[in-house]
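Asker: Let me give you the structure first, and then I'll get to my questions.
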Amino acid sequence: MRNIFIILLAYFGSQISTAQKPLTSEEINAFKLGVAELDRNTKTIISDFTQYKHLSFLNNDIKTDGKLVFKVPNAVKWEYTSPYKYSVIFKDDKLLIDDEGDKTNIDIGANKMFKSLNSLISNSVKGNMFDDETFDISYFKVADYYLITFIPKDESMHQFIAKFELHFNIKTHDVLEVKIIEPSEDYTKIVFKNKTRNTAVNDEVFNN
(Lines give C-alpha, C1' and ligand atoms only; values in the text may rest on other atoms or scores of the structure.)
Protein backbone atom coordinates (compact mmCIF):
# COMPACT_ATOMS: atom_id res chain seq x y z
CA MET A 1 0.00 0.00 0.00
CA ARG A 2 2.82 2.37 0.88
CA ASN A 3 4.52 1.68 -2.45
CA ILE A 4 1.30 2.45 -4.34
CA PHE A 5 1.02 5.75 -2.45
CA ILE A 6 4.60 6.68 -3.39
CA ILE A 7 3.94 5.79 -7.04
CA LEU A 8 0.82 7.95 -7.09
CA LEU A 9 2.71 10.88 -5.56
CA ALA A 10 5.45 10.53 -8.17
CA TYR A 11 2.89 10.37 -10.98
CA PHE A 12 0.90 13.42 -9.93
CA GLY A 13 4.08 15.30 -9.12
CA SER A 14 5.36 14.66 -12.62
CA GLN A 15 2.03 15.79 -14.09
CA ILE A 16 2.19 19.07 -12.15
CA SER A 17 5.80 19.74 -13.13
CA THR A 18 4.98 19.00 -16.77
CA ALA A 19 1.92 21.27 -16.69
CA GLN A 20 3.77 24.27 -15.21
CA LYS A 21 7.47 24.52 -16.02
CA PRO A 22 9.56 27.49 -14.81
CA LEU A 23 11.39 29.37 -17.55
CA THR A 24 15.17 29.52 -17.53
CA SER A 25 16.90 32.91 -17.26
CA GLU A 26 17.70 32.74 -20.99
CA GLU A 27 14.06 32.01 -21.83
CA ILE A 28 12.90 34.86 -19.57
CA ASN A 29 15.24 37.34 -21.27
CA ALA A 30 14.15 36.24 -24.76
CA PHE A 31 10.49 36.45 -23.77
CA LYS A 32 10.85 39.94 -22.26
CA LEU A 33 12.67 41.17 -25.35
CA GLY A 34 9.83 39.85 -27.52
CA VAL A 35 7.18 41.58 -25.42
CA ALA A 36 9.16 44.85 -25.39
CA GLU A 37 9.48 44.78 -29.19
CA LEU A 38 5.75 44.17 -29.60
CA ASP A 39 5.06 47.01 -27.15
CA ARG A 40 7.32 49.43 -29.05
CA ASN A 41 5.52 48.67 -32.30
CA THR A 42 2.02 49.04 -30.86
CA LYS A 43 0.11 52.31 -31.20
CA THR A 44 -3.43 50.99 -30.67
CA ILE A 45 -5.17 47.80 -29.60
CA ILE A 46 -8.80 46.88 -30.29
CA SER A 47 -10.17 43.64 -28.90
CA ASP A 48 -13.37 41.90 -27.94
CA PHE A 49 -13.29 40.31 -24.51
CA THR A 50 -15.25 38.10 -22.15
CA GLN A 51 -14.98 38.82 -18.45
CA TYR A 52 -15.63 36.29 -15.71
CA LYS A 53 -16.17 37.54 -12.16
CA HIS A 54 -15.72 34.76 -9.61
CA LEU A 55 -17.25 35.32 -6.18
CA SER A 56 -17.00 32.59 -3.56
CA PHE A 57 -20.63 32.94 -2.46
CA LEU A 58 -22.01 32.39 -5.98
CA ASN A 59 -22.35 29.01 -7.68
CA ASN A 60 -21.57 30.42 -11.13
CA ASP A 61 -19.22 33.13 -12.35
CA ILE A 62 -20.73 36.39 -13.58
CA LYS A 63 -20.05 36.60 -17.32
CA THR A 64 -19.99 39.84 -19.31
CA ASP A 65 -18.90 40.63 -22.87
CA GLY A 66 -17.45 43.81 -24.24
CA LYS A 67 -14.82 45.64 -26.26
CA LEU A 68 -11.45 47.09 -25.29
CA VAL A 69 -9.86 50.08 -27.04
CA PHE A 70 -6.33 51.20 -26.15
CA LYS A 71 -4.27 54.06 -27.59
CA VAL A 72 -0.77 55.14 -26.60
CA PRO A 73 0.34 56.43 -24.24
CA ASN A 74 -2.34 55.33 -21.75
CA ALA A 75 -5.89 55.91 -22.99
CA VAL A 76 -8.01 52.82 -22.24
CA LYS A 77 -11.71 52.19 -22.73
CA TRP A 78 -13.52 49.12 -21.38
CA GLU A 79 -17.00 49.00 -22.91
CA TYR A 80 -19.34 46.32 -21.60
CA THR A 81 -22.06 45.45 -24.10
CA SER A 82 -23.80 42.36 -22.71
CA PRO A 83 -25.79 41.66 -20.57
CA TYR A 84 -25.71 45.38 -19.70
CA LYS A 85 -24.16 48.54 -21.14
CA TYR A 86 -21.42 50.18 -19.11
CA SER A 87 -18.13 51.85 -19.98
CA VAL A 88 -15.02 52.89 -18.07
CA ILE A 89 -12.40 55.18 -19.62
CA PHE A 90 -8.96 56.02 -18.22
CA LYS A 91 -7.56 59.12 -19.95
CA ASP A 92 -5.38 62.09 -18.97
CA ASP A 93 -5.59 61.42 -15.21
CA LYS A 94 -9.37 61.15 -15.53
CA LEU A 95 -11.70 58.25 -14.84
CA LEU A 96 -14.85 58.54 -16.99
CA ILE A 97 -17.80 56.27 -16.25
CA ASP A 98 -20.98 55.84 -18.29
CA ASP A 99 -23.54 53.62 -16.56
CA GLU A 100 -26.30 53.36 -19.20
CA GLY A 101 -26.36 57.14 -19.62
CA ASP A 102 -25.54 58.05 -16.02
CA LYS A 103 -22.14 59.71 -16.49
CA THR A 104 -19.46 60.44 -13.90
CA ASN A 105 -16.04 62.09 -14.36
CA ILE A 106 -13.45 61.62 -11.61
CA ASP A 107 -10.10 63.40 -11.41
CA ILE A 108 -7.56 60.78 -10.36
CA GLY A 109 -4.44 62.91 -10.90
CA ALA A 110 -3.85 63.46 -7.18
CA ASN A 111 -4.72 59.89 -6.18
CA LYS A 112 -1.63 57.71 -6.15
CA MET A 113 -3.64 54.48 -6.02
CA PHE A 114 -5.80 55.35 -9.05
CA LYS A 115 -2.77 56.54 -11.03
CA SER A 116 -1.02 53.25 -10.28
CA LEU A 117 -4.15 51.36 -11.27
CA ASN A 118 -4.33 53.25 -14.58
CA SER A 119 -0.70 52.42 -15.29
CA LEU A 120 -1.25 48.77 -14.38
CA ILE A 121 -4.29 48.52 -16.64
CA SER A 122 -2.45 50.04 -19.60
CA ASN A 123 0.60 47.85 -19.07
CA SER A 124 -1.43 44.68 -18.55
CA VAL A 125 -3.30 45.27 -21.81
CA LYS A 126 0.05 45.61 -23.60
CA GLY A 127 1.64 42.87 -21.51
CA ASN A 128 4.61 44.96 -20.45
CA MET A 129 4.49 44.83 -16.63
CA PHE A 130 8.02 43.63 -15.96
CA ASP A 131 8.89 45.99 -13.12
CA ASP A 132 10.87 44.10 -10.48
CA GLU A 133 10.65 47.05 -8.09
CA THR A 134 6.84 46.92 -8.14
CA PHE A 135 6.24 43.16 -8.37
CA ASP A 136 7.65 39.79 -7.43
CA ILE A 137 7.48 38.13 -10.85
CA SER A 138 7.49 34.41 -11.74
CA TYR A 139 7.68 32.96 -15.26
CA PHE A 140 6.26 29.61 -16.37
CA LYS A 141 5.43 27.67 -19.50
CA VAL A 142 2.06 25.92 -19.34
CA ALA A 143 1.03 23.76 -22.31
CA ASP A 144 0.90 26.17 -25.27
CA TYR A 145 1.20 29.51 -23.45
CA TYR A 146 3.39 31.39 -21.00
CA LEU A 147 2.00 32.10 -17.53
CA ILE A 148 3.53 35.11 -15.79
CA THR A 149 2.50 35.95 -12.21
CA PHE A 150 2.91 39.38 -10.61
CA ILE A 151 2.61 39.84 -6.84
CA PRO A 152 2.49 43.54 -5.79
CA LYS A 153 5.15 44.66 -3.32
CA ASP A 154 3.25 47.79 -2.30
CA GLU A 155 1.23 46.94 0.82
CA SER A 156 -1.49 49.47 0.00
CA MET A 157 -2.04 47.79 -3.36
CA HIS A 158 -1.76 44.34 -1.83
CA GLN A 159 -4.86 45.09 0.25
CA PHE A 160 -6.90 45.03 -2.97
CA ILE A 161 -4.90 42.85 -5.36
CA ALA A 162 -3.08 39.72 -4.21
CA LYS A 163 -1.78 38.72 -7.62
CA PHE A 164 -2.00 39.29 -11.36
CA GLU A 165 -1.74 36.37 -13.78
CA LEU A 166 -1.13 37.01 -17.48
CA HIS A 167 -1.25 34.40 -20.23
CA PHE A 168 0.89 35.09 -23.31
CA ASN A 169 0.91 33.52 -26.77
CA ILE A 170 4.25 31.72 -27.02
CA LYS A 171 4.86 32.67 -30.65
CA THR A 172 3.53 36.24 -30.82
CA HIS A 173 4.04 37.30 -27.15
CA ASP A 174 0.53 38.77 -27.22
CA VAL A 175 -1.63 38.83 -24.07
CA LEU A 176 -4.36 36.19 -24.22
CA GLU A 177 -5.81 36.51 -20.73
CA VAL A 178 -5.55 38.67 -17.62
CA LYS A 179 -6.57 37.39 -14.19
CA ILE A 180 -6.74 39.71 -11.18
CA ILE A 181 -6.88 37.81 -7.88
CA GLU A 182 -8.05 39.51 -4.70
CA PRO A 183 -6.81 38.69 -1.18
CA SER A 184 -10.10 36.85 -0.59
CA GLU A 185 -9.24 34.64 -3.63
CA ASP A 186 -12.19 36.02 -5.55
CA TYR A 187 -10.98 37.02 -8.99
CA THR A 188 -11.74 38.73 -12.28
CA LYS A 189 -10.62 36.92 -15.45
CA ILE A 190 -10.59 38.69 -18.83
CA VAL A 191 -10.15 36.62 -22.00
CA PHE A 192 -9.31 38.53 -25.19
CA LYS A 193 -10.42 37.55 -28.70
CA ASN A 194 -10.42 39.08 -32.18
CA LYS A 195 -7.57 41.37 -31.19
CA THR A 196 -6.06 43.79 -33.72
CA ARG A 197 -3.14 46.19 -33.38
CA ASN A 198 -2.41 49.56 -34.96
CA THR A 199 -5.90 50.10 -36.33
CA ALA A 200 -6.75 53.81 -36.59
CA VAL A 201 -8.56 55.00 -33.44
CA ASN A 202 -10.20 58.43 -33.22
CA ASP A 203 -9.56 60.31 -29.96
CA GLU A 204 -13.32 60.86 -29.64
CA VAL A 205 -13.63 57.20 -28.65
CA PHE A 206 -12.28 58.21 -25.25
CA ASN A 207 -14.85 60.97 -24.61
CA ASN A 208 -17.58 60.29 -22.08
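Please note that chains go A, B, ... in the order of the C-alpha coordinates, that every chain numbers its residues from 1, and that ligands are numbered from 1 in the order shown.
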Output as JSON lines one row per residue of region 113-194 of chain A within 7 Å of region 46-68 of chain A: the closest atom pair and its distance in Å to one decimal place, counting only C-alpha atoms, sorted by chain and residue number ascending.

Answerer:
{"residue": "A:Asp186", "atom": "CA", "partner": "A:Leu55", "partner_atom": "CA", "distance": 5.1}
{"residue": "A:Tyr187", "atom": "CA", "partner": "A:His54", "partner_atom": "CA", "distance": 5.3}
{"residue": "A:Thr188", "atom": "CA", "partner": "A:Lys53", "partner_atom": "CA", "distance": 4.6}
{"residue": "A:Lys189", "atom": "CA", "partner": "A:Tyr52", "partner_atom": "CA", "distance": 5.1}
{"residue": "A:Ile190", "atom": "CA", "partner": "A:Gln51", "partner_atom": "CA", "distance": 4.4}
{"residue": "A:Val191", "atom": "CA", "partner": "A:Thr50", "partner_atom": "CA", "distance": 5.3}
{"residue": "A:Phe192", "atom": "CA", "partner": "A:Phe49", "partner_atom": "CA", "distance": 4.4}
{"residue": "A:Lys193", "atom": "CA", "partner": "A:Asp48", "partner_atom": "CA", "distance": 5.3}
{"residue": "A:Asn194", "atom": "CA", "partner": "A:Ser47", "partner_atom": "CA", "distance": 5.6}

Asker: When you count only C-alpha atoms, which of these residues is closest to Tyr146 (chain A): A:Asp99, A:Glu204, A:Glu37, A:Glu165?

Answerer: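 Of all the options, A:Glu165 lies closest to Tyr146 (chain A).
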
Asker: Would you list the contacts of Ala162 (chain A) as a ChimeraX atom specification, taking every protein, DNA or RNA residue within 6 Å and counting only C-alpha atoms, but skipping same-chain residues closer than 2 positions in sequence?

Answerer: /A:158,181-183

Asker: As a count of residues only, list the residues of region 28-190 of chain A assigned to strand (DSSP E) by DSSP on the backbone atoms of this structure.

Answerer: 81

Asker: So that I can see what lies close to Leu23 (chain A), please list as a list in words the residues with an atom at most 12 Å from it, counting only C-alpha atoms and leaving out residues fewer than 5 positions away in the same chain.

Answerer: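 Here the qualifying residues turn out to be Ser17, Ile28, Asn29, Ala30, Phe31, Lys32, Ile137, Ser138, Tyr139, Phe140, Lys141, Val142, Tyr145, Tyr146, Leu147 and Ile148 of chain A.
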
Asker: May I have the residues from that selection written out with all heavy atoms, as a tab-separated table (two decimals), in the first residue's frame?

Answerer:
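This is the output file selection.tsv:
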chain	number	residue	atom	x	y	z
A	17	SER	N	4.59	19.12	-12.62
A	17	SER	CA	5.80	19.74	-13.13
A	17	SER	C	5.76	19.88	-14.63
A	17	SER	O	6.31	20.83	-15.20
A	17	SER	CB	7.03	18.93	-12.69
A	17	SER	OG	7.00	17.63	-13.24
A	28	ILE	N	13.54	33.65	-20.10
A	28	ILE	CA	12.90	34.86	-19.57
A	28	ILE	C	13.38	36.09	-20.34
A	28	ILE	O	12.59	36.94	-20.75
A	28	ILE	CB	13.19	35.02	-18.07
A	28	ILE	CG1	12.46	33.93	-17.27
A	28	ILE	CG2	12.78	36.40	-17.58
A	28	ILE	CD1	12.87	33.88	-15.81
A	29	ASN	N	14.69	36.19	-20.55
A	29	ASN	CA	15.24	37.34	-21.27
A	29	ASN	C	14.71	37.41	-22.70
A	29	ASN	O	14.35	38.49	-23.18
A	29	ASN	CB	16.77	37.27	-21.27
A	29	ASN	CG	17.36	37.54	-19.90
A	29	ASN	OD1	16.75	38.20	-19.07
A	29	ASN	ND2	18.56	37.02	-19.65
A	30	ALA	N	14.65	36.27	-23.39
A	30	ALA	CA	14.15	36.24	-24.76
A	30	ALA	C	12.68	36.63	-24.80
A	30	ALA	O	12.25	37.39	-25.69
A	30	ALA	CB	14.35	34.85	-25.36
A	31	PHE	N	11.91	36.13	-23.84
A	31	PHE	CA	10.49	36.45	-23.77
A	31	PHE	C	10.27	37.94	-23.53
A	31	PHE	O	9.48	38.60	-24.22
A	31	PHE	CB	9.84	35.63	-22.67
A	31	PHE	CG	8.46	36.10	-22.27
A	31	PHE	CD1	7.39	35.95	-23.13
A	31	PHE	CD2	8.26	36.70	-21.04
A	31	PHE	CE1	6.13	36.39	-22.77
A	31	PHE	CE2	7.00	37.15	-20.68
A	31	PHE	CZ	5.94	36.98	-21.54
A	32	LYS	N	10.99	38.52	-22.58
A	32	LYS	CA	10.85	39.94	-22.26
A	32	LYS	C	11.25	40.83	-23.44
A	32	LYS	O	10.61	41.86	-23.70
A	32	LYS	CB	11.65	40.28	-21.01
A	32	LYS	CG	11.08	39.69	-19.74
A	32	LYS	CD	12.03	39.79	-18.56
A	32	LYS	CE	12.22	41.20	-18.08
A	32	LYS	NZ	13.02	41.26	-16.84
A	137	ILE	N	7.94	38.69	-9.58
A	137	ILE	CA	7.48	38.13	-10.85
A	137	ILE	C	8.00	36.71	-11.01
A	137	ILE	O	9.18	36.43	-10.75
A	137	ILE	CB	7.95	38.99	-12.04
A	137	ILE	CG1	7.55	40.45	-11.83
A	137	ILE	CG2	7.35	38.48	-13.34
A	137	ILE	CD1	8.09	41.40	-12.88
A	138	SER	N	7.12	35.80	-11.45
A	138	SER	CA	7.49	34.41	-11.74
A	138	SER	C	7.07	34.08	-13.17
A	138	SER	O	6.01	34.53	-13.63
A	138	SER	CB	6.83	33.44	-10.76
A	138	SER	OG	7.21	33.73	-9.43
A	139	TYR	N	7.89	33.26	-13.84
A	139	TYR	CA	7.68	32.96	-15.26
A	139	TYR	C	7.56	31.44	-15.44
A	139	TYR	O	8.43	30.69	-15.00
A	139	TYR	CB	8.86	33.46	-16.09
A	139	TYR	CG	9.14	34.94	-15.98
A	139	TYR	CD1	9.83	35.47	-14.88
A	139	TYR	CD2	8.73	35.82	-16.98
A	139	TYR	CE1	10.09	36.82	-14.78
A	139	TYR	CE2	8.99	37.18	-16.88
A	139	TYR	CZ	9.67	37.67	-15.78
A	139	TYR	OH	9.94	39.02	-15.69
A	140	PHE	N	6.49	31.03	-16.14
A	140	PHE	CA	6.26	29.61	-16.37
A	140	PHE	C	5.80	29.36	-17.81
A	140	PHE	O	5.22	30.24	-18.46
A	140	PHE	CB	5.17	29.06	-15.43
A	140	PHE	CG	5.44	29.29	-13.97
A	140	PHE	CD1	4.90	30.39	-13.32
A	140	PHE	CD2	6.22	28.40	-13.25
A	140	PHE	CE1	5.14	30.61	-11.97
A	140	PHE	CE2	6.47	28.62	-11.90
A	140	PHE	CZ	5.93	29.72	-11.26
A	141	LYS	N	6.04	28.14	-18.26
A	141	LYS	CA	5.43	27.67	-19.50
A	141	LYS	C	4.38	26.64	-19.13
A	141	LYS	O	4.66	25.70	-18.39
A	141	LYS	CB	6.47	27.05	-20.43
A	141	LYS	CG	5.90	26.60	-21.77
A	141	LYS	CD	6.97	26.02	-22.68
A	141	LYS	CE	6.36	25.58	-24.01
A	141	LYS	NZ	7.39	24.99	-24.92
A	142	VAL	N	3.16	26.83	-19.62
A	142	VAL	CA	2.06	25.92	-19.34
A	142	VAL	C	1.43	25.52	-20.67
A	142	VAL	O	0.83	26.36	-21.35
A	142	VAL	CB	1.00	26.58	-18.44
A	142	VAL	CG1	-0.11	25.58	-18.11
A	142	VAL	CG2	1.62	27.12	-17.17
A	145	TYR	N	1.11	28.08	-23.75
A	145	TYR	CA	1.20	29.51	-23.45
A	145	TYR	C	2.16	29.74	-22.28
A	145	TYR	O	2.53	28.81	-21.55
A	145	TYR	CB	-0.18	30.09	-23.11
A	145	TYR	CG	-0.83	29.52	-21.86
A	145	TYR	CD1	-0.60	30.07	-20.61
A	145	TYR	CD2	-1.70	28.42	-21.95
A	145	TYR	CE1	-1.19	29.54	-19.47
A	145	TYR	CE2	-2.29	27.89	-20.82
A	145	TYR	CZ	-2.03	28.45	-19.59
A	145	TYR	OH	-2.62	27.92	-18.46
A	146	TYR	N	2.59	31.00	-22.15
A	146	TYR	CA	3.39	31.39	-21.00
A	146	TYR	C	2.46	31.94	-19.92
A	146	TYR	O	1.53	32.70	-20.21
A	146	TYR	CB	4.39	32.48	-21.36
A	146	TYR	CG	5.53	32.03	-22.25
A	146	TYR	CD1	5.86	32.73	-23.41
A	146	TYR	CD2	6.29	30.91	-21.93
A	146	TYR	CE1	6.91	32.34	-24.22
A	146	TYR	CE2	7.34	30.50	-22.74
A	146	TYR	CZ	7.65	31.21	-23.88
A	146	TYR	OH	8.68	30.81	-24.67
A	147	LEU	N	2.73	31.57	-18.69
A	147	LEU	CA	2.00	32.10	-17.53
A	147	LEU	C	2.98	32.93	-16.71
A	147	LEU	O	3.99	32.42	-16.24
A	147	LEU	CB	1.44	30.96	-16.67
A	147	LEU	CG	0.94	31.34	-15.27
A	147	LEU	CD1	-0.25	32.29	-15.37
A	147	LEU	CD2	0.59	30.11	-14.46
A	148	ILE	N	2.68	34.22	-16.57
A	148	ILE	CA	3.53	35.11	-15.79
A	148	ILE	C	2.70	35.62	-14.62
A	148	ILE	O	1.59	36.12	-14.80
A	148	ILE	CB	4.04	36.30	-16.63
A	148	ILE	CG1	4.48	35.84	-18.02
A	148	ILE	CG2	5.15	37.02	-15.89
A	148	ILE	CD1	5.60	34.83	-18.04

Asker: Could you check the closest approach to Asp39 (chain A) for each of A:Ile161, A:Ala75, A:Leu95, A:Val175 and tell me which residue wins, using only C-alpha atoms?

Answerer: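 Among the listed residues, the smallest separation from Asp39 (chain A) belongs to A:Val175.
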